[in-house]
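Q: Following this line is coords31.txt, made up of compact mmCIF, C-alpha atoms:
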```
# COMPACT_ATOMS: atom_id res chain seq x y z
CA MET A 439 106.18 -81.43 -43.49
CA GLN A 440 105.72 -78.97 -46.35
CA GLY A 441 104.28 -78.74 -49.83
CA TYR A 442 100.64 -79.49 -49.02
CA ILE A 443 98.06 -80.15 -51.74
CA ASP A 444 94.65 -78.53 -51.54
CA PHE A 445 92.21 -80.68 -53.52
CA HIS A 446 89.27 -78.26 -53.35
CA THR A 447 89.63 -74.54 -54.09
CA HIS A 448 87.90 -71.95 -56.25
CA LEU A 449 88.94 -68.68 -57.83
CA PRO A 450 88.21 -65.54 -55.79
CA TRP A 451 85.00 -64.17 -57.27
CA ARG A 452 85.47 -60.48 -56.52
CA VAL A 453 88.44 -60.28 -58.88
CA ARG A 454 86.97 -61.20 -62.23
CA GLU A 455 90.07 -61.38 -64.43
CA PRO A 456 91.23 -65.02 -64.20
CA ARG A 457 94.97 -64.37 -64.10
CA ARG A 458 94.66 -61.76 -61.37
CA ALA A 459 92.35 -64.09 -59.42
CA ALA A 460 94.93 -66.85 -59.83
CA GLY A 461 97.49 -64.53 -58.27
CA LEU A 462 95.32 -64.11 -55.17
CA LEU A 463 94.80 -67.86 -54.94
CA LEU A 464 98.55 -68.51 -55.24
CA ARG A 465 99.22 -65.93 -52.51
CA ALA A 466 96.78 -67.73 -50.19
CA MET A 467 98.51 -71.01 -51.03
CA ASP A 468 101.95 -69.57 -50.20
CA GLU A 469 100.67 -68.30 -46.85
CA ALA A 470 99.29 -71.77 -46.06
CA GLY A 471 102.29 -73.77 -47.23
CA VAL A 472 100.28 -75.27 -50.10
CA ALA A 473 102.38 -76.19 -53.12
CA ARG A 474 99.62 -77.25 -55.50
CA ALA A 475 95.85 -76.95 -55.60
CA VAL A 476 92.84 -78.15 -57.54
CA VAL A 477 90.80 -75.14 -58.69
CA ILE A 478 87.17 -75.87 -59.55
CA ALA A 479 84.80 -74.05 -61.87
CA VAL A 480 81.25 -73.19 -60.78
CA GLU A 481 78.63 -73.05 -63.54
CA PRO A 482 75.01 -72.95 -62.38
CA SER A 483 72.08 -72.52 -64.73
CA LEU A 484 69.46 -69.83 -64.22
CA ARG A 485 67.10 -71.90 -66.37
CA VAL A 486 67.46 -74.92 -64.09
CA PHE A 487 67.28 -72.76 -60.98
CA ARG A 488 64.07 -71.07 -62.05
CA SER A 489 62.41 -74.35 -62.95
CA SER A 490 63.45 -76.21 -59.79
CA VAL A 491 63.32 -73.55 -57.06
CA THR A 492 59.77 -72.23 -57.19
CA PRO A 493 58.08 -70.18 -54.45
CA GLU A 494 55.79 -73.13 -53.67
CA ARG A 495 58.68 -75.57 -53.30
CA LEU A 496 60.61 -73.07 -51.22
CA ARG A 497 57.71 -72.62 -48.79
CA ARG A 498 57.37 -76.38 -48.37
CA ALA A 499 61.11 -76.83 -47.85
CA ALA A 500 61.20 -74.06 -45.25
CA ALA A 501 58.17 -75.51 -43.44
CA ASP A 502 59.89 -78.91 -43.20
CA SER A 503 62.89 -77.31 -41.46
CA ILE A 504 61.20 -74.48 -39.59
CA ASP A 505 62.45 -75.71 -36.21
CA TYR A 506 66.08 -75.49 -37.33
CA LEU A 507 65.54 -72.15 -39.03
CA VAL A 508 64.06 -70.61 -35.91
CA TYR A 509 66.54 -72.19 -33.50
CA LEU A 510 69.58 -71.10 -35.51
CA ARG A 511 68.06 -67.73 -36.40
CA ILE A 512 68.98 -68.13 -40.04
CA ARG A 513 69.36 -64.62 -41.42
CA SER A 514 67.12 -65.15 -44.45
CA LEU A 515 64.30 -66.91 -42.52
CA ARG A 516 61.72 -64.15 -42.97
CA GLU A 517 62.62 -63.76 -46.63
CA VAL A 518 62.38 -67.48 -47.35
CA VAL A 519 59.08 -67.97 -45.54
CA PHE A 520 57.27 -64.72 -46.26
CA GLU A 521 58.98 -63.37 -49.38
CA PRO A 522 60.10 -66.40 -51.41
CA ASP A 523 60.00 -64.46 -54.68
CA ARG A 524 62.46 -61.95 -53.26
CA ALA A 525 64.69 -64.76 -51.93
CA ILE A 526 64.71 -66.41 -55.35
CA SER A 527 65.57 -63.12 -57.07
CA GLU A 528 68.46 -62.51 -54.67
CA HIS A 529 69.83 -66.00 -55.27
CA GLU A 530 69.73 -65.47 -59.02
CA ARG A 531 72.01 -62.48 -58.48
CA LEU A 532 74.32 -64.55 -56.28
CA LEU A 533 74.49 -67.35 -58.84
CA LEU A 534 75.65 -64.89 -61.49
CA GLU A 535 78.15 -63.29 -59.11
CA HIS A 536 79.77 -66.58 -58.15
CA THR A 537 79.83 -68.19 -61.59
CA ARG A 538 83.36 -69.13 -62.64
CA THR A 539 83.47 -70.78 -66.02
CA SER A 540 85.57 -73.77 -66.96
CA GLU A 541 87.49 -71.59 -69.40
CA GLU A 542 88.32 -69.13 -66.62
CA VAL A 543 89.82 -71.77 -64.35
CA LEU A 544 91.75 -73.18 -67.30
CA GLU A 545 93.20 -69.73 -68.01
CA ALA A 546 94.05 -69.30 -64.33
CA ALA A 547 95.80 -72.68 -64.26
CA GLU A 548 97.82 -71.81 -67.36
CA ALA A 549 99.09 -68.70 -65.54
CA SER A 550 100.05 -70.60 -62.37
CA GLY A 551 103.30 -72.19 -63.46
CA GLY A 552 101.86 -75.67 -63.05
CA ARG A 553 100.67 -75.18 -59.48
CA LEU A 554 96.93 -75.25 -60.25
CA TYR A 555 94.99 -78.22 -61.62
CA PRO A 556 91.83 -77.01 -63.37
CA VAL A 557 88.53 -78.85 -62.93
CA ALA A 558 85.67 -78.04 -65.29
CA SER A 559 82.10 -77.64 -64.11
CA TYR A 560 79.31 -79.71 -65.55
CA ASN A 561 77.01 -77.30 -67.35
CA PRO A 562 73.32 -78.26 -67.43
CA ASP A 563 72.66 -75.84 -70.28
CA LEU A 564 75.20 -77.67 -72.44
CA GLY A 565 74.15 -81.09 -71.18
CA PRO A 566 76.40 -84.17 -71.00
CA ALA A 567 77.36 -84.07 -74.69
CA GLY A 568 78.25 -80.38 -74.61
CA THR A 569 80.22 -80.76 -71.40
CA LEU A 570 82.10 -83.72 -72.87
CA GLU A 571 83.08 -81.74 -75.96
CA ARG A 572 84.19 -78.88 -73.76
CA VAL A 573 86.73 -81.01 -71.86
CA ARG A 574 87.76 -83.34 -74.68
CA GLY A 575 91.47 -83.04 -75.37
CA ARG A 576 91.96 -80.16 -72.94
CA PRO A 577 94.17 -80.26 -69.82
CA TYR A 578 91.44 -80.53 -67.21
CA LEU A 579 92.01 -82.78 -64.21
CA GLY A 580 88.34 -83.62 -64.17
CA VAL A 581 84.75 -82.41 -63.97
CA LYS A 582 82.68 -81.36 -60.97
CA LEU A 583 78.98 -82.00 -60.70
CA TYR A 584 76.80 -79.95 -58.33
CA PRO A 585 73.56 -81.91 -57.71
CA THR A 586 72.26 -78.93 -55.73
CA LEU A 587 72.87 -76.16 -58.27
CA HIS A 588 72.30 -78.49 -61.23
CA ASP A 589 69.21 -80.19 -59.74
CA CYS A 590 70.25 -83.65 -60.86
CA ARG A 591 71.35 -87.03 -59.62
CA PRO A 592 74.88 -88.17 -60.56
CA SER A 593 73.57 -91.61 -61.55
CA GLU A 594 71.21 -90.31 -64.25
CA ARG A 595 71.50 -92.38 -67.42
CA ARG A 596 72.09 -89.33 -69.62
CA LEU A 597 75.43 -88.70 -67.86
CA ARG A 598 76.88 -92.09 -68.81
CA PRO A 599 78.64 -91.00 -72.05
CA LEU A 600 80.42 -88.24 -70.14
CA LEU A 601 81.41 -90.65 -67.35
CA ASP A 602 82.57 -93.26 -69.88
CA TYR A 603 84.85 -90.69 -71.49
CA MET A 604 86.20 -89.52 -68.15
CA GLU A 605 86.98 -93.08 -67.11
CA SER A 606 88.76 -93.81 -70.38
CA GLU A 607 90.85 -90.62 -70.16
CA GLY A 608 91.73 -90.82 -66.47
CA LEU A 609 89.74 -87.75 -65.44
CA VAL A 610 88.47 -87.26 -61.89
CA LEU A 611 84.78 -86.86 -61.08
CA ILE A 612 84.24 -84.52 -58.13
CA VAL A 613 80.69 -84.37 -56.79
CA HIS A 614 79.35 -81.86 -54.30
CA THR A 615 77.68 -83.67 -51.39
CA GLY A 616 75.66 -82.35 -48.50
CA CYS A 617 73.79 -79.07 -48.66
CA ASP A 618 74.92 -75.75 -50.14
CA PRO A 619 74.83 -72.11 -48.97
CA GLY A 620 71.63 -70.12 -49.07
CA LEU A 621 68.41 -71.80 -50.14
CA TRP A 622 70.21 -75.10 -50.64
CA GLU A 623 70.75 -75.34 -46.89
CA LEU A 624 67.17 -76.64 -46.84
CA PRO A 625 67.43 -80.45 -47.03
CA ASP A 626 64.57 -80.68 -49.52
CA LEU A 627 66.67 -78.72 -52.01
CA CYS A 628 69.82 -80.84 -51.65
CA TRP A 629 68.12 -84.20 -52.18
CA GLY A 630 70.41 -85.21 -55.05
CA ALA A 631 73.66 -84.53 -53.18
CA ARG A 632 73.70 -87.69 -51.08
CA PRO A 633 76.90 -89.77 -51.26
CA SER A 634 74.80 -92.93 -51.62
CA ALA A 635 73.73 -91.65 -55.06
CA LEU A 636 77.35 -92.12 -56.20
CA ASP A 637 77.45 -95.84 -55.49
CA PRO A 638 76.03 -96.90 -58.91
CA ILE A 639 78.66 -94.75 -60.66
CA ALA A 640 81.56 -96.10 -58.61
CA ARG A 641 80.34 -99.65 -59.20
CA SER A 642 79.74 -99.35 -62.95
CA HIS A 643 82.92 -97.30 -63.60
CA PRO A 644 85.62 -98.96 -61.46
CA GLY A 645 88.38 -97.13 -63.35
CA LEU A 646 86.88 -93.71 -62.59
CA THR A 647 88.21 -91.83 -59.59
CA VAL A 648 85.27 -90.34 -57.69
CA VAL A 649 85.81 -87.64 -55.05
CA VAL A 650 83.03 -87.03 -52.53
CA ALA A 651 83.38 -83.31 -51.89
CA HIS A 652 82.79 -82.16 -48.29
CA LEU A 653 82.65 -85.75 -46.97
CA GLY A 654 78.86 -85.64 -47.30
CA SER A 655 78.79 -83.25 -44.34
CA TYR A 656 78.21 -79.73 -45.66
CA SER A 657 75.24 -78.20 -43.84
CA ALA A 658 74.68 -75.23 -41.54
CA LEU A 659 71.33 -76.64 -40.38
CA ARG A 660 72.47 -80.22 -39.83
CA PRO A 661 76.29 -80.46 -39.82
CA GLY A 662 77.44 -83.88 -40.95
CA ILE A 663 74.10 -84.45 -42.66
CA TYR A 664 75.24 -87.32 -44.94
CA PHE A 665 78.55 -88.15 -43.24
CA GLN A 666 77.65 -91.79 -42.60
CA GLU A 667 76.70 -92.30 -46.24
CA ALA A 668 80.10 -90.93 -47.27
CA VAL A 669 82.13 -93.25 -45.06
CA ASP A 670 79.95 -96.21 -46.05
CA LEU A 671 80.64 -95.47 -49.71
CA ILE A 672 84.39 -95.17 -49.16
CA SER A 673 84.40 -98.50 -47.32
CA ARG A 674 82.59 -100.22 -50.23
CA ARG A 675 84.34 -98.75 -53.28
CA ASP A 676 88.11 -98.63 -53.76
CA ASN A 677 87.85 -95.87 -56.39
CA VAL A 678 86.10 -93.41 -54.07
CA TYR A 679 87.91 -90.63 -52.19
CA ALA A 680 86.54 -87.76 -50.10
CA ASP A 681 87.85 -84.26 -49.48
CA THR A 682 87.80 -82.44 -46.17
CA SER A 683 86.67 -79.03 -47.45
CA ALA A 684 84.25 -77.23 -45.12
CA VAL A 685 84.24 -80.27 -42.79
CA ASP A 686 84.61 -80.00 -39.02
CA PRO A 687 87.94 -81.57 -37.92
CA PHE A 688 86.01 -83.81 -35.52
CA LEU A 689 84.29 -85.44 -38.49
CA VAL A 690 87.64 -85.88 -40.25
CA GLU A 691 88.94 -87.66 -37.15
CA LEU A 692 85.79 -89.78 -37.04
CA ALA A 693 86.20 -90.71 -40.70
CA VAL A 694 89.78 -91.84 -40.04
CA ASP A 695 88.55 -94.00 -37.17
CA ARG A 696 85.97 -95.65 -39.40
CA VAL A 697 87.65 -96.02 -42.81
CA GLY A 698 91.29 -95.05 -42.31
CA TYR A 699 93.02 -92.10 -43.93
CA ASP A 700 94.31 -93.46 -47.26
CA ARG A 701 91.50 -91.92 -49.33
CA LEU A 702 90.96 -88.62 -47.54
CA LEU A 703 92.17 -85.51 -49.37
CA PHE A 704 92.73 -82.13 -47.77
CA GLY A 705 90.50 -79.36 -49.11
CA SER A 706 89.92 -75.79 -47.94
CA ASP A 707 87.02 -74.69 -50.19
CA TYR A 708 88.88 -71.36 -50.43
CA PRO A 709 87.50 -68.67 -50.59
CA TYR A 710 83.98 -69.88 -49.75
CA VAL A 711 84.18 -70.63 -46.04
CA THR A 712 83.39 -67.26 -44.48
CA GLY A 713 85.92 -66.11 -41.91
CA LEU A 714 88.41 -68.91 -42.60
CA THR A 715 91.56 -68.78 -44.68
CA MET A 716 93.33 -71.60 -46.47
CA ARG A 717 95.95 -71.43 -43.73
CA ASP A 718 93.20 -71.90 -41.12
CA ALA A 719 92.07 -75.05 -42.94
CA VAL A 720 95.62 -76.44 -42.96
CA GLU A 721 96.09 -75.67 -39.28
CA ALA A 722 92.81 -77.36 -38.42
CA ILE A 723 94.32 -80.62 -39.67
CA LEU A 724 97.75 -79.95 -38.12
CA HIS A 725 96.20 -79.22 -34.72
CA SER A 726 93.76 -82.13 -34.82
CA ASN A 727 94.10 -85.30 -32.73
CA LEU A 728 95.15 -87.35 -35.74
CA GLU A 729 98.44 -89.23 -35.78
CA GLU A 730 101.25 -87.52 -37.68
CA LYS A 731 101.21 -90.12 -40.45
CA ALA A 732 97.50 -89.49 -40.98
CA LYS A 733 98.04 -85.72 -41.13
CA GLU A 734 100.83 -86.16 -43.68
CA ALA A 735 98.72 -88.47 -45.82
CA ILE A 736 95.67 -86.19 -45.79
CA LEU A 737 97.58 -82.95 -46.38
CA ALA A 738 99.80 -84.24 -49.17
CA GLY A 739 100.58 -87.94 -49.48
CA ASN A 740 97.22 -89.23 -50.66
CA ALA A 741 96.84 -86.49 -53.28
CA GLU A 742 100.40 -87.05 -54.50
CA ARG A 743 99.73 -90.76 -54.93
CA LEU A 744 96.45 -90.11 -56.74
CA LEU A 745 97.90 -87.46 -59.08
CA ARG A 746 100.91 -89.61 -59.85
CA GLY A 747 98.66 -92.54 -60.69
CA LEU A 748 96.74 -90.30 -63.10
CA GLY A 749 99.99 -89.16 -64.73
CA ARG A 750 99.67 -85.62 -63.37
CA LEU A 751 102.89 -85.57 -61.33
```
Please express what this file holds, its structure, as structure tokens.

A:
Amino acid sequence: MQGYIDFHTHLPWRVREPRRAAGLLLRAMDEAGVARAVVIAVEPSLRVFRSSVTPERLRRAAADSIDYLVYLRIRSLREVVFEPDRAISEHERLLLEHTRTSEEVLEAAEASGGRLYPVASYNPDLGPAGTLERVRGRPYLGVKLYPTLHDCRPSERRLRPLLDYMESEGLVLIVHTGCDPGLWELPDLCWGARPSALDPIARSHPGLTVVVAHLGSYSALRPGIYFQEAVDLISRRDNVYADTSAVDPFLVELAVDRVGYDRLLFGSDYPYVTGLTMRDAVEAILHSNLEEKAKEAILAGNAERLLRGLGRL
């Protein structure tokens, strides 16, 4: 089996020039046997962050999870509890450092010889109308929404015009689910990133392909935090897929047991999973207890079928 498809990657952030960053991503793909990959923009908003993550809210969120924080010895525990202003300031710096605009991933994809599929980021500063105009008529595969970083629910009424356009144009909606690194590991700060919040969208837009990023499971404090919601959603809605990025292989196996493998897409989350390469993510699937036909479908077949149905292959 060769020519895998990674449905969840990002540009390396330490190399700022998009074409050079694309070169690093392509090198990682070659080392992992990945032929094509979906590369996703990341556009947080400092305005939204400052209004939603206040010192008071941070203290409450940390207090609600203090047992997990102490047990796991989370590195930033003291900062979060005793110096929330400092923690917030540090996360503002990190947000700026890791921002990758939609235009940057588009430029990277254009330099990839057709191997990268660019996905734009929803931008809360532009709003739904501005984000729609940004992707209109441009070769994006879809749009990603980050309920954590964007502090929103995917089912908000104001997003409907954007979703209507995406459905009509065959664009993919990718939604971050579970928690997120840093302060967003606290469950109170990832409230909007529950897979169940996607059910109204999948129901009202049956022609829209919805991808549940991270299988609802991303969390250092509570791994698999919304896993059951993710598999329940997949079982209810035929237009819902999930990717395996940053998901423990055991949970991938469990998802296959519960809902089959036809709508699971391999994802590495490269380069964001510390200490793991894209090749490591591929080998985690190859060395899992899944049947060979399930491995083949997850690593390539399902994504090929989806991309072909969208006219992208």

Q: Skip region 711-722 of chain A itself and residues of its chain fewer than 2 positions away, then list as a ChimeraX atom specification all residues within 12 Å of it, counting only C-alpha atoms.

A: /A:439-448,450,462-472,475,618-619,652,656-658,682-691,703-709,724-728,733-734,736-738

Q: Mind checking which residues fall within 8 Å of Arg553 (chain A), counting only C-alpha atoms, ignoring those fewer than 6 positions away in the same chain, and posting them as a ChimeraX atom specification?

A: /A:473-475,547

Q: Determine, counting only C-alpha atoms, every residue of protein, DNA or RNA that lies within 10 Å of (84.1, -89.7, -75.6) in the file coordinates, then give the result as a VMD selection string.

A: chain A and resid 567 570 to 571 573 to 575 599 to 607

Q: Rounded to one decimal, what separation in Å do you get between CA of Leu449 (chain A) and CA of Val477 (chain A)?

A: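 Pair CA of Leu449 (chain A) / CA of Val477 (chain A) returns 6.8 Å.
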
Q: Can you rebuild region 719-741 of chain A with N, CA and C atoms and give it as an mmCIF file, in the coordinates of the input?

A:
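The new file part35.cif reads:
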```cif
data_model
loop_
_atom_site.group_PDB
_atom_site.id
_atom_site.type_symbol
_atom_site.label_atom_id
_atom_site.label_comp_id
_atom_site.auth_asym_id
_atom_site.auth_seq_id
_atom_site.Cartn_x
_atom_site.Cartn_y
_atom_site.Cartn_z
ATOM 1 N N ALA A 719 92.478 -73.675 -42.617
ATOM 2 C CA ALA A 719 92.070 -75.050 -42.940
ATOM 3 C C ALA A 719 93.232 -76.018 -42.757
ATOM 4 N N VAL A 720 94.433 -75.604 -43.168
ATOM 5 C CA VAL A 720 95.620 -76.440 -42.960
ATOM 6 C C VAL A 720 95.867 -76.653 -41.475
ATOM 7 N N GLU A 721 95.801 -75.564 -40.706
ATOM 8 C CA GLU A 721 96.090 -75.670 -39.280
ATOM 9 C C GLU A 721 95.056 -76.496 -38.535
ATOM 10 N N ALA A 722 93.830 -76.521 -39.047
ATOM 11 C CA ALA A 722 92.810 -77.360 -38.420
ATOM 12 C C ALA A 722 93.214 -78.834 -38.468
ATOM 13 N N ILE A 723 93.837 -79.238 -39.575
ATOM 14 C CA ILE A 723 94.320 -80.620 -39.670
ATOM 15 C C ILE A 723 95.570 -80.805 -38.812
ATOM 16 N N LEU A 724 96.504 -79.838 -38.886
ATOM 17 C CA LEU A 724 97.750 -79.950 -38.120
ATOM 18 C C LEU A 724 97.496 -80.004 -36.618
ATOM 19 N N HIS A 725 96.491 -79.286 -36.147
ATOM 20 C CA HIS A 725 96.200 -79.220 -34.720
ATOM 21 C C HIS A 725 95.157 -80.242 -34.275
ATOM 22 N N SER A 726 94.757 -81.111 -35.166
ATOM 23 C CA SER A 726 93.760 -82.130 -34.820
ATOM 24 C C SER A 726 94.411 -83.224 -33.972
ATOM 25 N N ASN A 727 93.605 -84.178 -33.545
ATOM 26 C CA ASN A 727 94.100 -85.300 -32.730
ATOM 27 C C ASN A 727 94.574 -86.477 -33.573
ATOM 28 N N LEU A 728 94.691 -86.275 -34.872
ATOM 29 C CA LEU A 728 95.150 -87.350 -35.740
ATOM 30 C C LEU A 728 96.628 -87.654 -35.520
ATOM 31 N N GLU A 729 97.028 -88.881 -35.807
ATOM 32 C CA GLU A 729 98.440 -89.230 -35.780
ATOM 33 C C GLU A 729 99.166 -88.488 -36.888
ATOM 34 N N GLU A 730 100.464 -88.286 -36.702
ATOM 35 C CA GLU A 730 101.250 -87.520 -37.680
ATOM 36 C C GLU A 730 101.198 -88.156 -39.067
ATOM 37 N N LYS A 731 101.231 -89.475 -39.134
ATOM 38 C CA LYS A 731 101.210 -90.120 -40.450
ATOM 39 C C LYS A 731 99.879 -89.893 -41.149
ATOM 40 N N ALA A 732 98.803 -89.779 -40.385
ATOM 41 C CA ALA A 732 97.500 -89.490 -40.980
ATOM 42 C C ALA A 732 97.459 -88.056 -41.481
ATOM 43 N N LYS A 733 97.987 -87.119 -40.703
ATOM 44 C CA LYS A 733 98.040 -85.720 -41.130
ATOM 45 C C LYS A 733 98.831 -85.584 -42.423
ATOM 46 N N GLU A 734 99.981 -86.236 -42.489
ATOM 47 C CA GLU A 734 100.830 -86.160 -43.680
ATOM 48 C C GLU A 734 100.119 -86.719 -44.901
ATOM 49 N N ALA A 735 99.423 -87.839 -44.704
ATOM 50 C CA ALA A 735 98.720 -88.470 -45.820
ATOM 51 C C ALA A 735 97.584 -87.580 -46.323
ATOM 52 N N ILE A 736 96.816 -87.004 -45.407
ATOM 53 C CA ILE A 736 95.670 -86.190 -45.790
ATOM 54 C C ILE A 736 96.110 -84.880 -46.437
ATOM 55 N N LEU A 737 97.138 -84.256 -45.886
ATOM 56 C CA LEU A 737 97.580 -82.950 -46.380
ATOM 57 C C LEU A 737 98.371 -83.028 -47.679
ATOM 58 N N ALA A 738 98.974 -84.167 -47.963
ATOM 59 C CA ALA A 738 99.800 -84.240 -49.170
ATOM 60 C C ALA A 738 99.897 -85.637 -49.777
ATOM 61 N N GLY A 739 100.224 -86.620 -48.951
ATOM 62 C CA GLY A 739 100.580 -87.940 -49.480
ATOM 63 C C GLY A 739 99.523 -88.594 -50.342
ATOM 64 N N ASN A 740 98.282 -88.570 -49.891
ATOM 65 C CA ASN A 740 97.220 -89.230 -50.660
ATOM 66 C C ASN A 740 97.013 -88.555 -52.011
ATOM 67 N N ALA A 741 97.017 -87.219 -52.029
ATOM 68 C CA ALA A 741 96.840 -86.490 -53.280
ATOM 69 C C ALA A 741 98.020 -86.729 -54.225
#
```
